[in-house]
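Have a look at the structure below before the remarks.
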Amino acid sequence: MEVTDYAFFPTRVATIQFPDTGPLNAELCDLFERRPELDDRFNTHPDALNLLRLADRVPAIEQLRSMFLTGVKHWLEAEGIAGPEGLDLLLFSNRVGRGEGTIVHNHPADLIGIYYARTADSDRPPIQPADGEDYFEPGDGVLVLHDPRFNANLTAVCHRDHVKVIPRPGLMLIFPAYVWHSVTPHRGEFHRLAFSMNFTLRWPAGPAEYHSLKQ
Ligand SMILES: [Fe+2]
């Protein structure tokens, strides 16, 4: 008898905990305390603000840009993707007050990066697999990644249909933009501040070919 197990179609989620981000996070929080109108929360509106427009005037935004590039380069390398010639970048923030969360959504892009500047404190490891976790326990500003396989939670043989991420300052995640995700309500009195980067891969143009259907 020969038995072989496969786990086909895995989804790569990379976490990067950046060290010594206290001053950066303080600058980012201060920027949004002074200019809350910069907070766009979502990028699905056609007039979404790309915070990268501030990068040449605000060093913290430029630093964030560089960190996101570190993260996405790691993800692409780990996945063995070397073909793209560049990336389109769209940076936006998510600044929420007590009781606010985000319903399930995905992003119109190839990859998503998330960076946390200010969150609730937790001593739990950032990644909490579904095993032993109550899906309906909201926690405090917890990011829930939902299984991208359609209706995976309805399959009796599947018990790993979500992963919870307990955020903390300095933590970045990179994952495919098709992964549905949501954020449970923030419980603190302060503003929780996170940033999202949409990455859209640019591929080299193929050889131009045109075929006319007219004689
Ligand atoms: Fe999102």
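Just so we're on the same page: first chain in the structure tokens is A, next is B, and so on; residues restart at 1 for each chain, and ligands are numbered from 1 in the order they show up.
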
For this session: Write out as a ChimeraX atom specification which residues come within 7 Å of His105 in chain A when counting only C-alpha atoms, dropping same-chain ones fewer than 4 positions away.
Result: /A:180-182

Selection to disk with N, CA and C atoms, as a PDB file, in the first residue's frame:
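What ended up in selection.pdb:
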ATOM      1  N   TRP A 180     -10.608  36.920   1.492  1.00  0.00           N
ATOM      2  CA  TRP A 180     -11.616  37.710   2.212  1.00  0.00           C
ATOM      3  C   TRP A 180     -11.150  37.905   3.649  1.00  0.00           C
ATOM      4  N   HIS A 181     -11.336  39.111   4.157  1.00  0.00           N
ATOM      5  CA  HIS A 181     -10.924  39.361   5.538  1.00  0.00           C
ATOM      6  C   HIS A 181     -11.848  40.394   6.179  1.00  0.00           C
ATOM      7  N   SER A 182     -11.843  40.415   7.495  1.00  0.00           N
ATOM      8  CA  SER A 182     -12.676  41.351   8.247  1.00  0.00           C
ATOM      9  C   SER A 182     -11.952  41.703   9.530  1.00  0.00           C
TER      10      SER A 182
END

Exercise. As an NGL selection string, which residues of chain A does DSSP assign to alpha helix (DSSP H)?
Worked result: :A and (22-34 or 59-79)

Exercise. In terms of the shortest atom-to-atom distance over only C-alpha atoms, which of A:Arg160, A:His146, A:Arg34, A:Arg65 is closest to Phe199 in chain A?
Worked result: A:Arg65

Problem set entry | Expected selection as a PyMOL selection string for ligand 1 within 12 Å, only C-alpha atoms and all ligand atoms | chain A and resi 41-44+91-94+101-109+111-115+143-146+173-183+194-198

Exercise. Of the candidates A:Glu79, A:Leu154, A:Glu100, A:Arg202, which shows the shortest atom-to-atom distance to Thr11 in chain A, using only C-alpha atoms?
Worked result: A:Glu79

Could you make a table, as CSV, of the residues of range 108-171 of chain A that have an atom within 9 Å of an atom of range 13-16 of chain A, each with its nearest atom pair and distance in Å to one decimal, counting only C-alpha atoms, in chain and number order?
residue,atom,partner,partner_atom,distance
A:Pro126,CA,A:Thr15,CA,8.8
A:Ile127,CA,A:Thr15,CA,8.9
A:Gly170,CA,A:Ile16,CA,8.2
A:Leu171,CA,A:Ile16,CA,5.8

What does the file look like for those residues with all heavy atoms, as a PDB file, in the first residue's frame?
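That gives us out37.pdb:
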ATOM      1  N   PRO A 126       0.724  36.323  17.288  1.00  0.00           N
ATOM      2  CA  PRO A 126      -0.132  37.016  16.318  1.00  0.00           C
ATOM      3  C   PRO A 126      -1.025  36.095  15.494  1.00  0.00           C
ATOM      4  O   PRO A 126      -2.137  36.467  15.142  1.00  0.00           O
ATOM      5  CB  PRO A 126       0.861  37.774  15.426  1.00  0.00           C
ATOM      6  CG  PRO A 126       2.195  37.181  15.691  1.00  0.00           C
ATOM      7  CD  PRO A 126       2.155  36.586  17.058  1.00  0.00           C
ATOM      8  N   ILE A 127      -0.557  34.897  15.183  1.00  0.00           N
ATOM      9  CA  ILE A 127      -1.352  34.004  14.337  1.00  0.00           C
ATOM     10  C   ILE A 127      -2.071  32.973  15.199  1.00  0.00           C
ATOM     11  O   ILE A 127      -1.441  32.210  15.945  1.00  0.00           O
ATOM     12  CB  ILE A 127      -0.456  33.287  13.305  1.00  0.00           C
ATOM     13  CG1 ILE A 127       0.196  34.309  12.368  1.00  0.00           C
ATOM     14  CG2 ILE A 127      -1.261  32.259  12.504  1.00  0.00           C
ATOM     15  CD1 ILE A 127      -0.770  35.094  11.500  1.00  0.00           C
ATOM     16  N   GLY A 170       3.949  47.457  14.672  1.00  0.00           N
ATOM     17  CA  GLY A 170       5.168  46.984  14.010  1.00  0.00           C
ATOM     18  C   GLY A 170       4.973  45.726  13.203  1.00  0.00           C
ATOM     19  O   GLY A 170       5.898  45.274  12.526  1.00  0.00           O
ATOM     20  N   LEU A 171       3.768  45.131  13.267  1.00  0.00           N
ATOM     21  CA  LEU A 171       3.508  43.882  12.536  1.00  0.00           C
ATOM     22  C   LEU A 171       2.993  44.193  11.135  1.00  0.00           C
ATOM     23  O   LEU A 171       2.125  45.047  10.964  1.00  0.00           O
ATOM     24  CB  LEU A 171       2.470  43.033  13.280  1.00  0.00           C
ATOM     25  CG  LEU A 171       2.081  41.714  12.600  1.00  0.00           C
ATOM     26  CD1 LEU A 171       3.242  40.717  12.630  1.00  0.00           C
ATOM     27  CD2 LEU A 171       0.840  41.097  13.266  1.00  0.00           C
TER      28      LEU A 171
END

For this session: Write down as a PyMOL selection string the residues belonging to range 101-212 of chain A that are assigned strand (DSSP E) by DSSP computed on the backbone.
Result: chain A and resi 102-105+111-118+127-129+143-146+162-165+171-176+181-183+192-202

Exercise. If you count only C-alpha atoms, which residues fall within 12 Å of Phe32 in chain A, apart from same-chain ones fewer than 5 positions away, as a list in words?
Worked result: Asn25, Ala26, Glu27, Glu37, Leu38, Asp39, Asp40, Leu51, Val58, Ala60, Ile61, Phe92, Ser93, Asn94, Arg95, Val96, Ala117, Arg118, His191, Arg192, Leu193, Ala194 and Phe195 of chain A

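With distances restricted to only C-alpha atoms, A:Ala130 is the closest residue to His162 in chain A from A:Leu201, A:Ala130, A:Leu213, A:Cys29.
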
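Between CA of Gly141 in chain A and CA of Glu62 in chain A the separation is 26.0 Å.
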
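Computed from the coordinates, the CA of Pro148 in chain A to CA of Phe68 in chain A distance equals 23.2 Å.
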